[in-house]
Amino acid sequence: MTTTSIFILINYAVIHLVVILLVDWALRSSFKKGKMYKYLRWLWIIVYILLAAVPAAATFLPEEKGSLIFERYGNMIVAYEIYICGIFLILSLIIALKHLFSGKKKKKGKRGKINVSRPYVVALIVSIVLGAAATSYGLYHAQQPVSKELTANVRGKDGGQDKEIRIILIADLHLSVNSHVQTTRKMVQLINEAEPDAVLLAGDIFTSSYRALRSPSEYAKTLRKIKAPVYAVYGNHDVEEKLFSGFAVRPVSEAFRPETMEQFYQASGFTMLADDIIEIADGDIQLAGRIDGSKAGDGTNNRKSAGELLAKADQTRPLLVLQHEPEEYEELAEAGADMVLSGHTHGGQIFPGNLYVKLACDNGYGQKKIYGMETFVTYGTGTFGPPMRTATNSEVMVIDLKY
């Protein structure tokens, strides 16, 4: 297992242990230690542990179809747990601080009878209701892609900017056990309605498994309907590997891209770029597509440096770089890139992840000029881990580029 996955599993276990203890405290404070308390206590603990174990079962069970069922519902359980645990922990902390600073003694209820005024019970009920509401919204919202329109200017030949091209940036389809082909159809419809000259797909087409996708031929048939050339790069999840709620549990040396994925890209009509430079817009614009910097698909993270890749580019023409992760901006700018287009961050996807992304990334989402170079990062259209979006949209980014 990787260090990251061990850290995530430990945190997962600790958070659930804290929630179990807090709920036990709430039940004990309301029912005392009568028969009702004992019954509810063990019922809660057993049900909660079984639900919490579903995502782990998907990770550690043999790679058979049975594990895909655990994975599908495990991801949705994690989605709910994120909010029920988070809300309950916050409310419990508020209650504890209130008792600590108020100096008031707790009221005693009658033995064996519930007292709904008990703050921890109220906090638990509120957490269950709000958690269910947030999860339901997130699951629905994730399947409703929208368009976002932006404009940009890059240097043209001899410094002129009298031409224009419409580019669409998409990323992070994350085709998986939780995917819906209807969402892919909506995405394709939005793309075609925008009438682009080219579509750039910034990786993570899959979620670390081809076998997990139901009816891959239906997805390929749908993606083939995009009425513009599609140029794509690989993301860190475009390999076959085991995940725990979206995070890899095996080292990079075991992450390989199967032939079935390559066949899918071909069937979908994608032109895959792996440290390649091609020409688009009738040769006016150069497009460089980079291999992913964390998982190249061959058990390594080897790829050409920005300087090595762009050394052969014509510096008199606009140079666009398509890469999965929004990184190495300084190196790319020094190598002559005019624009970098990426995905990967999902903008945080789930609140409060969006707050972390804003702090952790030079450009976590949107359009931003860095080192004099235009950078674009899209939310993407899919999800990884919990199949919901509460902080961001599923989107198709439309960029009108003047050059």
# chains A, B, ... in the order shown; residues from 1 in each chain; ligands from 1

$ residues_around --residues "Glu254 in chain A" --least-positions-apart "6" --cutoff "9 Å" --atoms "only C-alpha atoms" --output "PyMOL selection string"
chain A and resi 240-241+298-300

$ residues_around --residues "Val230 in chain A" --least-positions-apart "4" --cutoff "8 Å" --atoms "only C-alpha atoms" --output "list in words"
Ala198, Val199, Leu200, Leu201, Ile226, Gly269, Phe270 and Thr271 of chain A

$ write_last_selection --atoms "N, CA and C atoms" --output "PDB file, in the first residue's frame"
ATOM      1  N   ALA A 198     -12.130  22.616 -32.178  1.00  0.00           N
ATOM      2  CA  ALA A 198     -11.367  21.500 -31.604  1.00  0.00           C
ATOM      3  C   ALA A 198     -11.794  21.285 -30.163  1.00  0.00           C
ATOM      4  N   VAL A 199     -11.711  20.041 -29.718  1.00  0.00           N
ATOM      5  CA  VAL A 199     -12.016  19.683 -28.331  1.00  0.00           C
ATOM      6  C   VAL A 199     -10.744  19.124 -27.704  1.00  0.00           C
ATOM      7  N   LEU A 200     -10.372  19.684 -26.558  1.00  0.00           N
ATOM      8  CA  LEU A 200      -9.186  19.235 -25.843  1.00  0.00           C
ATOM      9  C   LEU A 200      -9.626  18.536 -24.561  1.00  0.00           C
ATOM     10  N   LEU A 201      -9.223  17.290 -24.416  1.00  0.00           N
ATOM     11  CA  LEU A 201      -9.612  16.459 -23.268  1.00  0.00           C
ATOM     12  C   LEU A 201      -8.385  16.245 -22.384  1.00  0.00           C
ATOM     13  N   ILE A 226     -19.188  13.534 -31.119  1.00  0.00           N
ATOM     14  CA  ILE A 226     -18.660  14.892 -31.020  1.00  0.00           C
ATOM     15  C   ILE A 226     -18.268  15.371 -32.419  1.00  0.00           C
ATOM     16  N   GLY A 269     -12.859   7.915 -31.083  1.00  0.00           N
ATOM     17  CA  GLY A 269     -12.409   8.905 -32.049  1.00  0.00           C
ATOM     18  C   GLY A 269     -11.401   9.897 -31.502  1.00  0.00           C
ATOM     19  N   PHE A 270     -10.735   9.559 -30.384  1.00  0.00           N
ATOM     20  CA  PHE A 270      -9.763  10.465 -29.778  1.00  0.00           C
ATOM     21  C   PHE A 270      -8.399  10.341 -30.449  1.00  0.00           C
ATOM     22  N   THR A 271      -7.719  11.448 -30.584  1.00  0.00           N
ATOM     23  CA  THR A 271      -6.305  11.463 -30.956  1.00  0.00           C
ATOM     24  C   THR A 271      -5.523  11.648 -29.662  1.00  0.00           C
TER      25      THR A 271
END

$ residues_around --residues "Val239 in chain A" --least-positions-apart "4" --cutoff "6 Å" --atoms "only C-alpha atoms" --output "list of chain:residue names"
A:Ser208, A:Ala255, A:Phe256, A:Arg257, A:Gly297

$ write_last_selection --atoms "N, CA and C atoms" --output "compact mmCIF listing (two decimals), in the first residue's frame"
# COMPACT_ATOMS: atom_id res chain seq x y z
N SER A 208 -9.35 4.57 -13.08
CA SER A 208 -8.43 3.48 -12.71
C SER A 208 -8.98 2.08 -12.96
N ALA A 255 0.96 0.44 -11.67
CA ALA A 255 -0.09 1.14 -12.42
C ALA A 255 0.23 1.11 -13.91
N PHE A 256 -0.52 0.26 -14.65
CA PHE A 256 -0.31 0.13 -16.09
C PHE A 256 -1.61 0.40 -16.84
N ARG A 257 -1.47 0.90 -18.06
CA ARG A 257 -2.63 1.18 -18.89
C ARG A 257 -2.92 -0.04 -19.75
N GLY A 297 1.63 5.39 -17.12
CA GLY A 297 0.87 4.27 -17.68
C GLY A 297 1.72 3.05 -17.94

$ residues_around --residues "range 84-92 of chain A" --least-positions-apart "3" --cutoff "9 Å" --atoms "only C-alpha atoms" --output "list of chain:residue names"
A:Ile15, A:His16, A:Val18, A:Val19, A:Leu22, A:Val23, A:Tyr80, A:Glu81, A:Ile95, A:Ala96, A:Leu97, A:Pro119, A:Tyr120, A:Ala123, A:Leu124, A:Ile125, A:Val126, A:Ser127, A:Ile128, A:Val129, A:Leu130, A:Gly131, A:Ala132

$ atom_distance --atom1 "CA of Leu50 in chain A" --atom2 "CA of Phe7 in chain A"
21.1 Å

$ atom_distance --atom1 "CA of Asp362 in chain A" --atom2 "CA of Glu149 in chain A"
21.1 Å

$ residues_around --residues "Cys361 in chain A" --least-positions-apart "6" --cutoff "10 Å" --atoms "only C-alpha atoms" --output "count of residues only"
4
